[in-house]
$ cat data33.pdb   # PDB, C-alpha atoms
ATOM      1  CA  LYS X   1     100.228  86.160 100.093
ATOM      2  CA  GLN X   2     100.994  88.584 102.909
ATOM      3  CA  GLU X   3      98.044  90.574 104.245
ATOM      4  CA  VAL X   4      98.516  93.489 106.641
ATOM      5  CA  THR X   5      95.632  94.796 108.723
ATOM      6  CA  GLN X   6      95.458  97.836 110.962
ATOM      7  CA  ILE X   7      92.901  98.315 113.672
ATOM      8  CA  PRO X   8      91.249 100.652 114.387
ATOM      9  CA  ALA X   9      90.767 102.384 111.052
ATOM     10  CA  ALA X  10      90.196 105.681 112.833
ATOM     11  CA  LEU X  11      90.829 106.946 116.332
ATOM     12  CA  SER X  12      90.030 110.214 118.065
ATOM     13  CA  VAL X  13      91.614 111.033 121.428
ATOM     14  CA  PRO X  14      92.019 114.108 123.627
ATOM     15  CA  GLU X  15      95.423 115.725 123.820
ATOM     16  CA  GLY X  16      97.772 114.203 126.374
ATOM     17  CA  GLU X  17      96.436 110.677 126.142
ATOM     18  CA  ASN X  18      98.744 107.696 125.592
ATOM     19  CA  LEU X  19      97.564 105.501 122.739
ATOM     20  CA  VAL X  20      98.300 102.255 120.942
ATOM     21  CA  LEU X  21      97.917 101.548 117.242
ATOM     22  CA  ASN X  22      97.778  97.950 116.104
ATOM     23  CA  CYS X  23      99.140  96.182 113.048
ATOM     24  CA  SER X  24      98.780  92.491 112.234
ATOM     25  CA  PHE X  25     100.231  90.441 109.398
ATOM     26  CA  THR X  26      99.388  86.963 108.192
ATOM     27  CA  ASP X  27     102.830  85.627 107.235
ATOM     28  CA  SER X  28     105.343  85.728 110.099
ATOM     29  CA  ALA X  29     108.324  85.213 107.758
ATOM     30  CA  ILE X  30     109.181  88.890 107.712
ATOM     31  CA  TYR X  31     112.520  90.634 107.454
ATOM     32  CA  ASN X  32     111.432  93.880 109.090
ATOM     33  CA  LEU X  33     108.455  96.118 109.779
ATOM     34  CA  GLN X  34     108.323  99.845 109.205
ATOM     35  CA  TRP X  35     105.915 102.420 110.656
ATOM     36  CA  PHE X  36     105.103 105.531 108.641
ATOM     37  CA  ARG X  37     103.157 108.711 109.125
ATOM     38  CA  GLN X  38     101.125 110.167 106.238
ATOM     39  CA  ASP X  39      99.641 113.649 106.353
ATOM     40  CA  PRO X  40      96.665 114.374 104.046
ATOM     41  CA  GLY X  41      97.743 114.542 100.411
ATOM     42  CA  LYS X  42     101.374 114.125 101.340
ATOM     43  CA  GLY X  43     104.114 111.528 101.225
ATOM     44  CA  LEU X  44     105.092 108.929 103.796
ATOM     45  CA  THR X  45     107.452 109.835 106.604
ATOM     46  CA  SER X  46     109.354 106.931 108.121
ATOM     47  CA  LEU X  47     108.960 106.809 111.895
ATOM     48  CA  LEU X  48     110.547 103.568 113.017
ATOM     49  CA  LEU X  49     111.965 100.414 111.504
ATOM     50  CA  ILE X  50     112.049  97.278 113.583
ATOM     51  CA  GLN X  51     114.050  94.268 112.414
ATOM     52  CA  SER X  52     112.599  90.774 112.749
ATOM     53  CA  SER X  53     115.184  89.946 115.428
ATOM     54  CA  GLN X  54     114.180  92.942 117.567
ATOM     55  CA  ARG X  55     111.359  93.224 120.050
ATOM     56  CA  GLU X  56     111.039  96.990 120.109
ATOM     57  CA  GLN X  57     112.370 100.317 118.883
ATOM     58  CA  THR X  58     111.986 103.762 120.397
ATOM     59  CA  SER X  59     112.169 107.247 118.974
ATOM     60  CA  GLY X  60     111.146 110.119 121.232
ATOM     61  CA  ARG X  61     107.501 109.623 122.262
ATOM     62  CA  LEU X  62     107.107 106.676 119.904
ATOM     63  CA  ASN X  63     107.696 103.047 120.755
ATOM     64  CA  ALA X  64     107.144 100.197 118.320
ATOM     65  CA  SER X  65     107.008  96.584 119.423
ATOM     66  CA  LEU X  66     107.087  93.449 117.334
ATOM     67  CA  ASP X  67     105.836  89.946 118.109
ATOM     68  CA  LYS X  68     106.801  88.124 114.962
ATOM     69  CA  SER X  69     105.476  84.725 115.951
ATOM     70  CA  SER X  70     101.983  86.060 116.565
ATOM     71  CA  GLY X  71     102.107  88.396 113.557
ATOM     72  CA  ARG X  72     101.585  91.618 115.481
ATOM     73  CA  SER X  73     103.157  95.001 115.985
ATOM     74  CA  THR X  74     102.030  97.958 118.047
ATOM     75  CA  LEU X  75     102.936 101.621 117.867
ATOM     76  CA  TYR X  76     102.689 103.347 121.218
ATOM     77  CA  ILE X  77     102.423 107.145 121.226
ATOM     78  CA  ALA X  78     102.978 108.796 124.588
ATOM     79  CA  ALA X  79     101.419 112.092 125.616
ATOM     80  CA  SER X  80      99.687 112.680 122.290
ATOM     81  CA  GLN X  81      99.624 116.171 120.775
ATOM     82  CA  PRO X  82      97.414 117.755 118.089
ATOM     83  CA  GLY X  83     100.442 117.698 115.793
ATOM     84  CA  ASP X  84     100.348 113.890 115.926
ATOM     85  CA  SER X  85      97.110 113.945 113.934
ATOM     86  CA  ALA X  86      97.794 111.988 110.742
ATOM     87  CA  THR X  87      97.355 108.531 109.238
ATOM     88  CA  TYR X  88      99.773 105.934 110.565
ATOM     89  CA  LEU X  89     100.750 103.092 108.263
ATOM     90  CA  CYS X  90     102.610  99.918 108.987
ATOM     91  CA  ALA X  91     104.409  97.970 106.273
ATOM     92  CA  VAL X  92     106.192  94.628 106.332
ATOM     93  CA  ARG X  93     109.046  93.423 104.218
ATOM     94  CA  ALA X  94     109.286  89.704 103.526
ATOM     95  CA  ASN X  95     112.482  87.686 103.900
ATOM     96  CA  ALA X  96     112.870  87.555 100.133
ATOM     97  CA  GLY X  97     112.920  90.811  98.175
ATOM     98  CA  ASN X  98     112.586  94.440  99.231
ATOM     99  CA  MET X  99     108.931  95.159  98.576
ATOM    100  CA  LEU X 100     106.836  96.552 101.389
ATOM    101  CA  THR X 101     103.281  95.339 101.951
ATOM    102  CA  PHE X 102     101.178  98.030 103.576
ATOM    103  CA  GLY X 103      98.252  98.027 105.928
ATOM    104  CA  GLY X 104      95.300 100.292 105.358
ATOM    105  CA  GLY X 105      96.358 102.725 108.064
ATOM    106  CA  THR X 106      94.885 104.190 111.234
ATOM    107  CA  ARG X 107      93.647 107.766 110.921
ATOM    108  CA  LEU X 108      94.441 109.490 114.208
ATOM    109  CA  MET X 109      92.935 112.744 115.393
ATOM    110  CA  VAL X 110      94.222 114.319 118.587
ATOM    111  CA  LYS X 111      91.854 117.002 119.849
ATOM    112  CA  PRO X 112      93.196 119.997 121.795
TER     113      PRO X 112
ATOM    114  CA  GLU A   1     118.584 116.258 105.748
ATOM    115  CA  PRO A   2     118.662 114.409 102.414
ATOM    116  CA  GLU A   3     115.262 113.654 100.943
ATOM    117  CA  VAL A   4     113.632 112.059  97.935
ATOM    118  CA  THR A   5     112.125 114.569  95.526
ATOM    119  CA  GLN A   6     109.504 114.018  92.834
ATOM    120  CA  THR A   7     108.269 116.045  89.886
ATOM    121  CA  PRO A   8     105.707 117.064  88.925
ATOM    122  CA  SER A   9     103.565 117.216  92.062
ATOM    123  CA  HIS A  10     100.416 116.879  89.954
ATOM    124  CA  GLN A  11     100.019 115.608  86.387
ATOM    125  CA  VAL A  12      96.805 115.628  84.418
ATOM    126  CA  THR A  13      96.676 113.620  81.205
ATOM    127  CA  GLN A  14      94.221 112.246  78.696
ATOM    128  CA  MET A  15      93.554 108.526  78.499
ATOM    129  CA  GLY A  16      95.941 106.837  76.088
ATOM    130  CA  GLN A  17      98.718 109.385  76.531
ATOM    131  CA  GLU A  18     102.187 108.546  77.786
ATOM    132  CA  VAL A  19     103.414 110.038  81.047
ATOM    133  CA  ILE A  20     106.797 110.098  82.707
ATOM    134  CA  LEU A  21     107.056 110.606  86.434
ATOM    135  CA  ARG A  22     110.414 111.743  87.754
ATOM    136  CA  CYS A  23     112.209 111.133  90.998
ATOM    137  CA  VAL A  24     115.552 112.096  92.466
ATOM    138  CA  PRO A  25     116.442 109.514  95.129
ATOM    139  CA  ILE A  26     118.737 110.234  98.064
ATOM    140  CA  SER A  27     122.203 110.558  96.575
ATOM    141  CA  ASN A  28     124.087 107.609  98.087
ATOM    142  CA  HIS A  29     121.176 105.174  97.925
ATOM    143  CA  LEU A  30     121.358 102.080  95.757
ATOM    144  CA  TYR A  31     117.813 100.720  95.786
ATOM    145  CA  PHE A  32     114.934 102.538  94.180
ATOM    146  CA  TYR A  33     111.209 101.835  94.249
ATOM    147  CA  TRP A  34     107.867 102.940  92.900
ATOM    148  CA  TYR A  35     104.628 102.515  94.827
ATOM    149  CA  ARG A  36     101.179 103.836  94.156
ATOM    150  CA  GLN A  37      98.122 104.657  96.215
ATOM    151  CA  ILE A  38      94.707 104.833  94.602
ATOM    152  CA  LEU A  39      92.467 107.230  96.507
ATOM    153  CA  GLY A  40      91.106 105.552  99.617
ATOM    154  CA  GLN A  41      93.111 102.359  99.110
ATOM    155  CA  LYS A  42      96.317 100.868 100.462
ATOM    156  CA  VAL A  43      99.766 101.807  99.231
ATOM    157  CA  GLU A  44     100.792  99.171  96.672
ATOM    158  CA  PHE A  45     104.258  98.135  95.511
ATOM    159  CA  LEU A  46     104.998  98.454  91.807
ATOM    160  CA  VAL A  47     108.696  97.823  91.220
ATOM    161  CA  SER A  48     112.161  97.851  92.742
ATOM    162  CA  PHE A  49     115.373  98.673  90.888
ATOM    163  CA  TYR A  50     118.963  97.888  91.756
ATOM    164  CA  ASN A  51     122.204  97.933  89.821
ATOM    165  CA  ASN A  52     120.452  99.280  86.722
ATOM    166  CA  GLU A  53     117.880  96.557  86.500
ATOM    167  CA  ILE A  54     114.503  95.604  87.877
ATOM    168  CA  SER A  55     114.961  93.398  90.934
ATOM    169  CA  GLU A  56     111.318  92.803  91.751
ATOM    170  CA  LYS A  57     107.934  93.786  90.337
ATOM    171  CA  SER A  58     104.306  93.265  91.192
ATOM    172  CA  GLU A  59     101.429  92.053  89.041
ATOM    173  CA  ILE A  60     100.398  95.676  88.572
ATOM    174  CA  PHE A  61     103.671  96.450  86.783
ATOM    175  CA  ASP A  62     102.709  95.131  83.370
ATOM    176  CA  ASP A  63     104.053  95.982  79.917
ATOM    177  CA  GLN A  64     102.491  99.435  80.095
ATOM    178  CA  PHE A  65     105.000 100.410  82.762
ATOM    179  CA  SER A  66     108.754 100.858  82.540
ATOM    180  CA  VAL A  67     111.457 102.330  84.747
ATOM    181  CA  GLU A  68     114.780 103.884  83.936
ATOM    182  CA  ARG A  69     117.726 105.515  85.604
ATOM    183  CA  PRO A  70     118.801 107.753  82.742
ATOM    184  CA  ASP A  71     121.691 109.350  84.619
ATOM    185  CA  GLY A  72     123.345 109.274  88.026
ATOM    186  CA  SER A  73     120.584 111.091  89.832
ATOM    187  CA  ASN A  74     117.155 110.579  88.235
ATOM    188  CA  PHE A  75     114.819 107.602  88.384
ATOM    189  CA  THR A  76     111.753 107.612  86.166
ATOM    190  CA  LEU A  77     108.489 105.715  85.825
ATOM    191  CA  LYS A  78     106.878 105.706  82.386
ATOM    192  CA  ILE A  79     103.309 104.696  81.738
ATOM    193  CA  ARG A  80     102.999 104.066  78.028
ATOM    194  CA  SER A  81      99.273 104.439  77.420
ATOM    195  CA  THR A  82      97.426 105.664  80.470
ATOM    196  CA  LYS A  83      94.078 104.279  81.558
ATOM    197  CA  LEU A  84      91.489 105.821  83.853
ATOM    198  CA  GLU A  85      92.429 103.290  86.536
ATOM    199  CA  ASP A  86      96.024 104.548  86.539
ATOM    200  CA  SER A  87      94.803 107.644  88.397
ATOM    201  CA  ALA A  88      96.603 107.500  91.730
ATOM    202  CA  MET A  89      99.327 109.029  93.850
ATOM    203  CA  TYR A  90     102.684 107.628  92.765
ATOM    204  CA  PHE A  91     105.451 107.494  95.327
ATOM    205  CA  CYS A  92     109.129 107.031  94.676
ATOM    206  CA  ALA A  93     111.304 105.637  97.465
ATOM    207  CA  SER A  94     114.939 104.797  97.971
ATOM    208  CA  SER A  95     117.047 102.897 100.444
ATOM    209  CA  GLY A  96     120.746 102.865 101.006
ATOM    210  CA  THR A  97     123.687 101.115 102.532
ATOM    211  CA  GLY A  98     125.319 100.931 105.915
ATOM    212  CA  ALA A  99     123.547 101.036 109.241
ATOM    213  CA  ASP A 100     120.319 102.396 107.740
ATOM    214  CA  THR A 101     120.239 100.103 104.704
ATOM    215  CA  ASP A 102     116.743  98.848 105.201
ATOM    216  CA  THR A 103     114.709 101.997 105.807
ATOM    217  CA  GLN A 104     112.823 103.064 102.709
ATOM    218  CA  TYR A 105     112.508 106.837 102.379
ATOM    219  CA  PHE A 106     109.582 108.109 100.391
ATOM    220  CA  GLY A 107     109.144 111.192  98.272
ATOM    221  CA  PRO A 108     106.122 113.521  98.471
ATOM    222  CA  GLY A 109     104.399 111.823  95.548
ATOM    223  CA  THR A 110     103.026 112.747  92.127
ATOM    224  CA  ARG A 111      99.267 112.844  91.833
ATOM    225  CA  LEU A 112      98.345 111.463  88.405
ATOM    226  CA  THR A 113      94.881 112.214  87.098
ATOM    227  CA  VAL A 114      93.809 110.454  83.899
ATOM    228  CA  LEU A 115      90.778 111.977  82.176
TER     229      LEU A 115
END

$ encode --input "data33.pdb" --output "structure tokens"
Amino acid sequence: KQEVTQIPAALSVPEGENLVLNCSFTDSAIYNLQWFRQDPGKGLTSLLLIQSSQREQTSGRLNASLDKSSGRSTLYIAASQPGDSATYLCAVRANAGNMLTFGGGTRLMVKP
Amino acid sequence: EPEVTQTPSHQVTQMGQEVILRCVPISNHLYFYWYRQILGQKVEFLVSFYNNEISEKSEIFDDQFSVERPDGSNFTLKIRSTKLEDSAMYFCASSGTGADTDTQYFGPGTRLTVL
């Protein structure tokens, strides 16, 4: 059964810092991996989707990398801003089916 | 930009009552999903729906749950007899076709409170 883990569970950084969020998964037979942002009491906003054949994807200040064989993905946030404060979730989709298996999230606080 | 919408935003019900949670997926999407998130826990998959039938479901999605696409735009989740442990945020999601087939887009959620 796929297990997804995110470390750290919480992170506090000063504004302007570059940071890396980590996601690991136990079964490397994945179809893709998706990063989401969740604001308190709100829904999930898709940030990036990275296919199993890709090594990285970029969107603005965000860069997601994927090392499928080692079961790891990272989300790099450049020049962090207070508006980036949220919980970041990673989710993997297996080769069979469409269901996403989620990690527990990293709660990020960017202090002005 | 198209988005998934859900109603109501918050539903309070008594244990044993039936509830129906409603979703309007993005209009050209073909795959629909329900997930839930119990407070402080991970988001969990419940069910996926394609071509008017369930394509995949989790162990959570037992006989108390059902899904329906009653018309061309709505997608519903029914919980037949709610339990206290059904209290959670329920998210609807959809995914489409073409270049962005695989991205699942989530709605804002319905917070279900069972008393």

$ residues_around --input "data33.pdb" --residues "stretch 32-38 of chain X" --least-positions-apart "6" --cutoff "8 Å" --atoms "all atoms listed in the file" --output "VMD selection string"
(chain X and resid 44 to 52 75 86 to 94) or (chain A and resid 103)

$ residues_around --input "data33.pdb" --residues "A:Gln17" --least-positions-apart "4" --cutoff "12 Å" --atoms "all atoms listed in the file" --output "number ranges by chain"
A: 11-13, 64, 78-84, 86, 113-115

$ atom_distance --input "data33.pdb" --atom1 "atom CA of X:Phe25" --atom2 "atom CA of X:Gln2"
6.8 Å

$ axis_aligned_box --input "data33.pdb" --around "stretch 34-37 of chain A" --padding-each-side "8 Å" --output "AutoDock Vina command-line options"
--center_x 103.0 --center_y 103.6 --center_z 94.6 --size_x 25.7 --size_y 18.1 --size_z 19.3

$ residues_around --input "data33.pdb" --residues "stretch 16-20 of chain X" --least-positions-apart "3" --cutoff "12 Å" --atoms "only C-alpha atoms" --output "NGL selection string"
:X and (6-8 or 10-13 or 23 or 61-65 or 73-84 or 88 or 106 or 108-112)

$ write_last_selection --input "data33.pdb" --atoms "C-alpha atoms" --output "compact mmCIF listing (two decimals), keeping the file's coordinate frame"
# COMPACT_ATOMS: atom_id res chain seq x y z
CA GLN X 6 95.46 97.84 110.96
CA ILE X 7 92.90 98.32 113.67
CA PRO X 8 91.25 100.65 114.39
CA ALA X 10 90.20 105.68 112.83
CA LEU X 11 90.83 106.95 116.33
CA SER X 12 90.03 110.21 118.06
CA VAL X 13 91.61 111.03 121.43
CA CYS X 23 99.14 96.18 113.05
CA ARG X 61 107.50 109.62 122.26
CA LEU X 62 107.11 106.68 119.90
CA ASN X 63 107.70 103.05 120.76
CA ALA X 64 107.14 100.20 118.32
CA SER X 65 107.01 96.58 119.42
CA SER X 73 103.16 95.00 115.98
CA THR X 74 102.03 97.96 118.05
CA LEU X 75 102.94 101.62 117.87
CA TYR X 76 102.69 103.35 121.22
CA ILE X 77 102.42 107.14 121.23
CA ALA X 78 102.98 108.80 124.59
CA ALA X 79 101.42 112.09 125.62
CA SER X 80 99.69 112.68 122.29
CA GLN X 81 99.62 116.17 120.78
CA PRO X 82 97.41 117.76 118.09
CA GLY X 83 100.44 117.70 115.79
CA ASP X 84 100.35 113.89 115.93
CA TYR X 88 99.77 105.93 110.56
CA THR X 106 94.88 104.19 111.23
CA LEU X 108 94.44 109.49 114.21
CA MET X 109 92.94 112.74 115.39
CA VAL X 110 94.22 114.32 118.59
CA LYS X 111 91.85 117.00 119.85
CA PRO X 112 93.20 120.00 121.80

$ interface_residues --input "data33.pdb" --of "chain A" --to "chain X" --cutoff "12 Å" --atoms "only C-alpha atoms" --output "ChimeraX atom specification"
/A:3-6,9-10,31-50,54-58,88-96,99-111
